[in-house]
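For reference, the structure is listed below as structure tokens.
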Amino acid sequence: MKPAEPIAITAAGVVTPIGQDVEAFWSSLATGASGISPIERFPVADLRVGHGGEVKKLTRITSWTRVPDCRATRFLISAADELVCQAGFRPLPVPASRVAVVVGTALGGVEEGERALAGAAPRRRLRGALYDAPAHALARWLGATGPAITVCTACASGATALAVGADLLRQREADAVIAGGYDILCRFVMRGFDALRSLTREVVRPFDRRRNGLLLGEAAALVLLLREADAAARLGRLLGYGSASDAAHIAAPDPEGRGLERAIRASFAQAGIAPADVEFVSAHGTGTTVNDPIETAALKRALGPRAHAIPVNSIKPTMGHTMGAAATLEAIMCLLASRHGLIPPTLNLEEPDPDCDLDYVPGVARAGRPRVSLSTSLGFGGCNAALVLEGAA
Amino acid sequence: MTRAPAIRGVGLVRGPAASERGGDVLSLGRPAPRASRSRRATRECLLALGAVEAMLEDAGATRAEIGGDGTALLFATAAAYAASNRSFIEGGGSIYFAYTAPAVVPAEVAIEFAVAGPYAVFIGGPPATLRAIWQAAILLETGACGRALILSVEIFDECADLYARARRFRRGPLVEAAACLWLEPGDAGHLSFQSARERGARDGAEELFACAPLAALAQRRREGLTGAFTLSGCWRGERACIEWSLPEPITASARDTAP
């Protein structure tokens, strides 16, 4: 397979429970700050677990004139506002018809449906419950009239969106792509994960012997993708992407992680790199009993003998599993690690699980400037995705 | 523009033509699951399995021929997940939560037919399906897969009362359908994809949402059209179009089944 054309990542914008811009996000990751708190925005008293990575108030934009009263849409637009400010993308420097929007989500605007069906909002708000409603609202806000695409590969959506966006540039279907992912906390998803008994009542402890579940979080993360020739400055490059279905179970990963291993190998092939080139891994690392050893085993097979020498982290203890946003946030984190020469830690990892025997950067950040990073994601439906990124430093 | 993939089969399971039965929603009913494993699956999942089986029949192929990690699976839908989401919201958790994720529809196909290659899920109407075909052509051209399945499913019955309140947003009755297209690397012809935003763009007298392009392809295949043809469709103001030139006649008859 011929390596794909690398795509420049030139700017980013985020809204997270640990910071509502890239600098604050990075600072919190580097210092090990926690964004986990009791959920206040909707009732959780009837659920086993009532805390997560909730954004208490959107602070970046104060006037929401002509923006739908939809929390998911507003998360996206807040992240986009930071991105366009960073990139000088307002007004758009290229024809609007050549600017595409590609966003990934696990939930779309489902909270709009939840509210409308419960009678808490007018029934006309059901249109906002379509999964592609926030992407179209973002495109309108940007003034972009190119493709507005929503991808939905569950918790791998943020990776799929970057890959589809890169393909739009490679195929010359667009000249600039704003790509990323988002999801918000709502009763729908809290009830769902509560019913699955996937949530922990304690803290998220990826790769720890005592881990017993994940926490959910809400976030939006966007990056600006350009062809290399059009990128003056950059955060880094997207070198490759791979995906693979487990074809095993709709809610649990393949017990041997074969799908994830195939996705990683496919990402290496598209990037034109060897396993030995990888210097850092951002793991999915949910902290569930099932995920972490499976992911560890897949990484060891895909990376080979060097696997134990490569730092691996999970940032999910910091802000919870942000679902559709997670893979994009983790990709941004990889590029920031390269820029700042620092690898954020895996929090709450104190008693390593013997089945999870890689170098997970426990507790505190570590000096290191990874050039090539691998970021892995898994989702419902046996979705596995891997991104290969290169920092600009 | 990329090399045109070869069409191995098209399967279509759809509700009756709008002229045959009145009503806002033309339903397909609930298929009986063949495998006991699928008993818990939602209706959209079962229809997806039915569409793949119809495609295999059209192709004269066995299920073993589409399995493996060399097969990509791309799914497009605009509304299929709405039924399970509503059920979960109103049913107090009676539906297994994982089935509210659109990704589980192709996952059921992947599990049933052992399809383990690259995948993607596009949300939207006909342009989403056309983009899935385009993405499949890219995957085939770059060697990322050896065959690709494009799946689309749309069901409406569970939310019929809600759609009835939104007549002004659609032109005709909503026709439930599930469709699957099997592509392999082609050795001649070209495929091009275009997409543009057009204010108020609409088409069709009945609404199959994401299934419309594959239903049109099944129809053309049944008619044995040769040479170049176009598939197009609109959704939320985006008009997308695929121009497909094929060197040989498209012959086999696509299965077009009413319940």
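Chain labels run A, B, ... following the order of the structure tokens; each chain numbers its residues from 1, and ligands are numbered from 1 in the order shown.
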
Interface list for chain A, partner chain B, 7 Å threshold, only C-alpha atoms, as a count of residues only: 27

Do you know which residues are at most 12 Å from Val99 of chain A counting only C-alpha atoms, after dropping those on the same chain fewer than 6 positions away, and could you put them as a tab-separated table (two decimals) with N, CA and C atoms, in the first residue's frame?
chain	number	residue	atom	x	y	z
A	89	PHE	N	-9.09	32.62	10.59
A	89	PHE	CA	-10.02	32.03	9.63
A	89	PHE	C	-11.38	32.72	9.67
A	91	PRO	N	-12.72	36.60	8.50
A	91	PRO	CA	-13.45	35.87	7.46
A	91	PRO	C	-12.61	34.75	6.85
A	92	LEU	N	-13.30	33.83	6.21
A	92	LEU	CA	-12.62	32.68	5.62
A	92	LEU	C	-11.63	33.14	4.55
A	93	PRO	N	-10.40	32.66	4.60
A	93	PRO	CA	-9.40	33.09	3.62
A	93	PRO	C	-9.48	32.33	2.29
A	138	LEU	N	-22.74	24.23	12.82
A	138	LEU	CA	-21.35	24.73	12.82
A	138	LEU	C	-20.99	25.30	11.45
A	139	ALA	N	-21.35	24.58	10.40
A	139	ALA	CA	-21.03	25.07	9.05
A	139	ALA	C	-21.69	26.43	8.80
A	140	ARG	N	-22.93	26.57	9.25
A	140	ARG	CA	-23.61	27.87	9.07
A	140	ARG	C	-22.88	28.95	9.85
A	142	LEU	N	-19.79	29.11	10.68
A	142	LEU	CA	-18.51	29.40	10.02
A	142	LEU	C	-18.71	30.13	8.69
A	143	GLY	N	-19.88	29.98	8.11
A	143	GLY	CA	-20.09	30.48	6.75
A	143	GLY	C	-19.51	29.54	5.71
A	144	ALA	N	-19.23	28.32	6.10
A	144	ALA	CA	-18.66	27.33	5.18
A	144	ALA	C	-19.77	26.67	4.38
A	145	THR	N	-19.61	26.60	3.09
A	145	THR	CA	-20.65	25.97	2.26
A	145	THR	C	-20.14	24.73	1.53
A	146	GLY	N	-18.97	24.25	1.91
A	146	GLY	CA	-18.49	22.98	1.37
A	146	GLY	C	-19.21	21.83	2.07
A	147	PRO	N	-18.73	20.62	1.89
A	147	PRO	CA	-19.38	19.47	2.53
A	147	PRO	C	-19.47	19.65	4.05
A	148	ALA	N	-20.60	19.26	4.61
A	148	ALA	CA	-20.78	19.25	6.08
A	148	ALA	C	-21.11	17.81	6.45
A	149	ILE	N	-20.13	17.13	6.98
A	149	ILE	CA	-20.23	15.67	7.13
A	149	ILE	C	-20.24	15.30	8.61
A	165	GLY	N	-11.73	13.95	6.86
A	165	GLY	CA	-11.32	15.31	6.50
A	165	GLY	C	-10.03	15.30	5.68
A	168	LEU	N	-10.75	14.39	2.15
A	168	LEU	CA	-11.34	15.48	1.36
A	168	LEU	C	-10.24	16.35	0.75
A	169	LEU	N	-9.17	16.58	1.54
A	169	LEU	CA	-8.06	17.39	1.04
A	169	LEU	C	-7.26	16.62	-0.01
A	172	ARG	N	-8.85	16.65	-3.25
A	172	ARG	CA	-9.07	18.02	-3.75
A	172	ARG	C	-10.55	18.40	-3.75
A	173	GLU	N	-11.29	17.82	-2.82
A	173	GLU	CA	-12.71	18.15	-2.71
A	173	GLU	C	-12.90	19.40	-1.86
A	174	ALA	N	-11.90	19.74	-1.07
A	174	ALA	CA	-11.92	20.95	-0.26
A	174	ALA	C	-10.49	21.48	-0.14
A	175	ASP	N	-10.39	22.77	0.21
A	175	ASP	CA	-9.06	23.36	0.41
A	175	ASP	C	-8.76	23.59	1.89
A	176	ALA	N	-9.76	23.53	2.71
A	176	ALA	CA	-9.58	23.63	4.16
A	176	ALA	C	-10.67	22.81	4.81
A	177	VAL	N	-10.29	22.08	5.85
A	177	VAL	CA	-11.28	21.23	6.54
A	177	VAL	C	-11.20	21.49	8.04
A	178	ILE	N	-12.33	21.78	8.62
A	178	ILE	CA	-12.41	21.88	10.08
A	178	ILE	C	-13.00	20.57	10.56
A	179	ALA	N	-12.18	19.83	11.27
A	179	ALA	CA	-12.56	18.45	11.61
A	179	ALA	C	-12.35	18.19	13.09
A	224	LEU	N	-7.83	22.39	12.38
A	224	LEU	CA	-7.87	22.87	11.00
A	224	LEU	C	-6.87	22.05	10.19
A	225	LEU	N	-7.39	21.39	9.17
A	225	LEU	CA	-6.56	20.56	8.29
A	225	LEU	C	-6.35	21.29	6.97
A	226	LEU	N	-5.12	21.32	6.52
A	226	LEU	CA	-4.78	21.91	5.22
A	226	LEU	C	-3.79	21.01	4.50
B	196	ALA	N	-22.32	19.78	-3.64
B	196	ALA	CA	-22.44	21.24	-3.54
B	196	ALA	C	-23.68	21.58	-2.74
B	197	ARG	N	-23.63	22.70	-2.07
B	197	ARG	CA	-24.79	23.17	-1.31
B	197	ARG	C	-25.69	23.96	-2.24

If we count only C-alpha atoms and set the cut-off at 10 Å, which residues sit around Thr16 of chain A, ignoring sequence neighbours fewer than 4 positions away in its own chain? Please answer as a PDB file with N, CA and C atoms, in the first residue's frame.
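Result file is out35.pdb:
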ATOM      1  N   GLN A  20     -11.133  25.667  28.644  1.00  0.00           N
ATOM      2  CA  GLN A  20     -11.932  25.990  27.458  1.00  0.00           C
ATOM      3  C   GLN A  20     -11.101  26.683  26.386  1.00  0.00           C
ATOM      4  N   ASP A  21      -9.818  26.392  26.374  1.00  0.00           N
ATOM      5  CA  ASP A  21      -8.961  26.723  25.232  1.00  0.00           C
ATOM      6  C   ASP A  21      -7.767  25.786  25.280  1.00  0.00           C
ATOM      7  N   VAL A  22      -7.009  25.779  24.219  1.00  0.00           N
ATOM      8  CA  VAL A  22      -5.932  24.784  24.100  1.00  0.00           C
ATOM      9  C   VAL A  22      -4.882  24.970  25.196  1.00  0.00           C
ATOM     10  N   ALA A  24      -5.202  26.245  28.261  1.00  0.00           N
ATOM     11  CA  ALA A  24      -5.704  25.793  29.568  1.00  0.00           C
ATOM     12  C   ALA A  24      -5.816  24.264  29.605  1.00  0.00           C
ATOM     13  N   PHE A  25      -6.253  23.693  28.508  1.00  0.00           N
ATOM     14  CA  PHE A  25      -6.342  22.225  28.384  1.00  0.00           C
ATOM     15  C   PHE A  25      -4.966  21.611  28.615  1.00  0.00           C
ATOM     16  N   GLY A  35     -10.873  17.367  36.117  1.00  0.00           N
ATOM     17  CA  GLY A  35     -12.117  18.034  35.727  1.00  0.00           C
ATOM     18  C   GLY A  35     -13.343  17.249  36.144  1.00  0.00           C
ATOM     19  N   GLY A  53     -17.111  14.400  33.929  1.00  0.00           N
ATOM     20  CA  GLY A  53     -16.390  15.586  33.467  1.00  0.00           C
ATOM     21  C   GLY A  53     -17.362  16.584  32.867  1.00  0.00           C
ATOM     22  N   GLU A  54     -17.999  17.352  33.738  1.00  0.00           N
ATOM     23  CA  GLU A  54     -19.017  18.302  33.281  1.00  0.00           C
ATOM     24  C   GLU A  54     -18.405  19.697  33.128  1.00  0.00           C
ATOM     25  N   VAL A  55     -18.751  20.352  32.033  1.00  0.00           N
ATOM     26  CA  VAL A  55     -18.371  21.755  31.843  1.00  0.00           C
ATOM     27  C   VAL A  55     -19.468  22.595  32.490  1.00  0.00           C
ATOM     28  N   LEU A  58     -20.165  27.514  29.725  1.00  0.00           N
ATOM     29  CA  LEU A  58     -19.367  27.884  28.559  1.00  0.00           C
ATOM     30  C   LEU A  58     -18.972  29.347  28.709  1.00  0.00           C
ATOM     31  N   PHE A  75     -21.105  23.755  22.137  1.00  0.00           N
ATOM     32  CA  PHE A  75     -19.761  23.234  22.405  1.00  0.00           C
ATOM     33  C   PHE A  75     -18.908  23.322  21.132  1.00  0.00           C
ATOM     34  N   ALA A  79     -15.530  25.724  20.465  1.00  0.00           N
ATOM     35  CA  ALA A  79     -14.225  25.203  20.027  1.00  0.00           C
ATOM     36  C   ALA A  79     -13.821  25.838  18.698  1.00  0.00           C
ATOM     37  N   TYR A 182     -17.198  15.821  19.097  1.00  0.00           N
ATOM     38  CA  TYR A 182     -17.868  16.429  20.247  1.00  0.00           C
ATOM     39  C   TYR A 182     -18.845  15.435  20.840  1.00  0.00           C
ATOM     40  N   GLY A 217     -17.390  12.199  30.230  1.00  0.00           N
ATOM     41  CA  GLY A 217     -17.128  13.627  30.221  1.00  0.00           C
ATOM     42  C   GLY A 217     -17.722  14.244  28.972  1.00  0.00           C
ATOM     43  N   GLU A 218     -17.704  15.563  28.898  1.00  0.00           N
ATOM     44  CA  GLU A 218     -18.229  16.245  27.713  1.00  0.00           C
ATOM     45  C   GLU A 218     -17.158  17.196  27.184  1.00  0.00           C
ATOM     46  N   ALA A 219     -17.116  17.307  25.871  1.00  0.00           N
ATOM     47  CA  ALA A 219     -16.074  18.143  25.272  1.00  0.00           C
ATOM     48  C   ALA A 219     -16.355  18.320  23.784  1.00  0.00           C
ATOM     49  N   ALA A 220     -15.676  19.292  23.219  1.00  0.00           N
ATOM     50  CA  ALA A 220     -15.611  19.436  21.763  1.00  0.00           C
ATOM     51  C   ALA A 220     -14.164  19.748  21.416  1.00  0.00           C
ATOM     52  N   ALA A 221     -13.703  19.230  20.320  1.00  0.00           N
ATOM     53  CA  ALA A 221     -12.320  19.462  19.883  1.00  0.00           C
ATOM     54  C   ALA A 221     -12.309  19.515  18.366  1.00  0.00           C
ATOM     55  N   MET A 319     -10.585  13.956  32.725  1.00  0.00           N
ATOM     56  CA  MET A 319     -11.849  14.616  32.370  1.00  0.00           C
ATOM     57  C   MET A 319     -12.946  13.623  32.001  1.00  0.00           C
ATOM     58  N   GLY A 320     -12.686  12.353  32.188  1.00  0.00           N
ATOM     59  CA  GLY A 320     -13.671  11.354  31.806  1.00  0.00           C
ATOM     60  C   GLY A 320     -13.551  11.009  30.337  1.00  0.00           C
ATOM     61  N   THR A 322     -14.721  11.363  26.899  1.00  0.00           N
ATOM     62  CA  THR A 322     -15.510  12.398  26.215  1.00  0.00           C
ATOM     63  C   THR A 322     -16.082  11.888  24.888  1.00  0.00           C
ATOM     64  N   ALA A 325     -15.547  13.245  21.216  1.00  0.00           N
ATOM     65  CA  ALA A 325     -14.449  14.221  21.235  1.00  0.00           C
ATOM     66  C   ALA A 325     -13.116  13.579  21.590  1.00  0.00           C
ATOM     67  N   LEU A 329      -9.272  15.085  20.904  1.00  0.00           N
ATOM     68  CA  LEU A 329      -8.536  15.666  22.034  1.00  0.00           C
ATOM     69  C   LEU A 329      -7.198  14.960  22.223  1.00  0.00           C
TER      70      LEU A 329
END

Interatomic distance, atom CA of Thr288 of chain A to atom CA of Asn212 of chain A (Å, one decimal):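 Calculated distance between atom CA of Thr288 of chain A and atom CA of Asn212 of chain A is 5.5 Å.
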
Backbone-only DSSP, strand (DSSP E or B) members of segment 185-244 of chain B, as a list in words: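 Assigned to strand (DSSP E or B), within segment 185-244 of chain B: His190, Leu191, Ser192, Phe193, Gln194, Ser195, Ala196, Arg197, Glu207, Gly227, Ala228, Phe229, Thr230, Leu231, Ser232, Gly233, Cys234, Trp235, Glu238, Arg239, Ala240, Cys241, Ile242, Glu243 and Trp244 of chain B.
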
Those residues with C-alpha atoms, as a PDB file, in the first residue's frame please?
ATOM      1  CA  HIS B 190     -14.222   6.005 -13.946  1.00  0.00           C
ATOM      2  CA  LEU B 191     -16.080   7.256 -10.940  1.00  0.00           C
ATOM      3  CA  SER B 192     -16.382  10.904 -10.002  1.00  0.00           C
ATOM      4  CA  PHE B 193     -18.039  12.477  -7.014  1.00  0.00           C
ATOM      5  CA  GLN B 194     -19.329  16.005  -6.615  1.00  0.00           C
ATOM      6  CA  SER B 195     -21.111  17.707  -3.809  1.00  0.00           C
ATOM      7  CA  ALA B 196     -22.441  21.238  -3.543  1.00  0.00           C
ATOM      8  CA  ARG B 197     -24.791  23.170  -1.310  1.00  0.00           C
ATOM      9  CA  GLU B 207     -38.508   9.570   0.704  1.00  0.00           C
ATOM     10  CA  GLY B 227     -22.160   2.824 -20.060  1.00  0.00           C
ATOM     11  CA  ALA B 228     -22.386   5.885 -17.892  1.00  0.00           C
ATOM     12  CA  PHE B 229     -24.986   6.647 -15.302  1.00  0.00           C
ATOM     13  CA  THR B 230     -25.467   9.118 -12.505  1.00  0.00           C
ATOM     14  CA  LEU B 231     -26.647   8.734  -8.936  1.00  0.00           C
ATOM     15  CA  SER B 232     -27.620  11.868  -7.112  1.00  0.00           C
ATOM     16  CA  GLY B 233     -29.515  13.049  -4.098  1.00  0.00           C
ATOM     17  CA  CYS B 234     -30.098  15.913  -1.689  1.00  0.00           C
ATOM     18  CA  TRP B 235     -30.138  16.326   2.039  1.00  0.00           C
ATOM     19  CA  GLU B 238     -26.436  19.491  -0.034  1.00  0.00           C
ATOM     20  CA  ARG B 239     -26.728  17.947  -3.488  1.00  0.00           C
ATOM     21  CA  ALA B 240     -24.268  15.149  -4.179  1.00  0.00           C
ATOM     22  CA  CYS B 241     -23.728  13.298  -7.401  1.00  0.00           C
ATOM     23  CA  ILE B 242     -21.738  10.277  -8.516  1.00  0.00           C
ATOM     24  CA  GLU B 243     -21.019   9.765 -12.188  1.00  0.00           C
ATOM     25  CA  TRP B 244     -20.173   6.193 -12.949  1.00  0.00           C
TER      26      TRP B 244
END

Exercise: Ala136 of chain B partners within 7 Å, only C-alpha atoms, chain neighbours under 4 positions left out, as a list in words: Ala132, Leu140 and Ala148 of chain B

Residues near Val175 of chain B, cut-off 6 Å, only C-alpha atoms, skip fewer than 3 positions along chain, as a ChimeraX atom specification: /B:15,25-26,207-208

Ala159 of chain A environment, 7 Å, only C-alpha atoms, sequence neighbours closer than 2 positions dropped, as a list in words: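 Here the answer would be Ala156, Ser157, Ala161, Leu162, Ala163, Ala327, Thr328, Ala385 and Leu387 of chain A.
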
Who sits within 12 Å of Ala45 of chain A, only C-alpha atoms, same chain under 6 positions skipped, as a list in words: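 Counting only the stated atoms, we get Pro38, Ile39, His51, Arg187, Met190, Arg191 and Asp194 of chain A.
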
Length of the atom CA of His136 of chain A to atom CA of Met333 of chain A vector [Å]: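 Separation between atom CA of His136 of chain A and atom CA of Met333 of chain A: 26.5 Å.
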
Residue nearest Ile150 of chain B among B:Trp182, B:Glu57, B:Arg14, B:Ser27 (counting only C-alpha atoms): B:Trp182

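As for atom CA of Thr289 of chain A and atom CA of Asp355 of chain A, they are spaced 10.8 Å apart.
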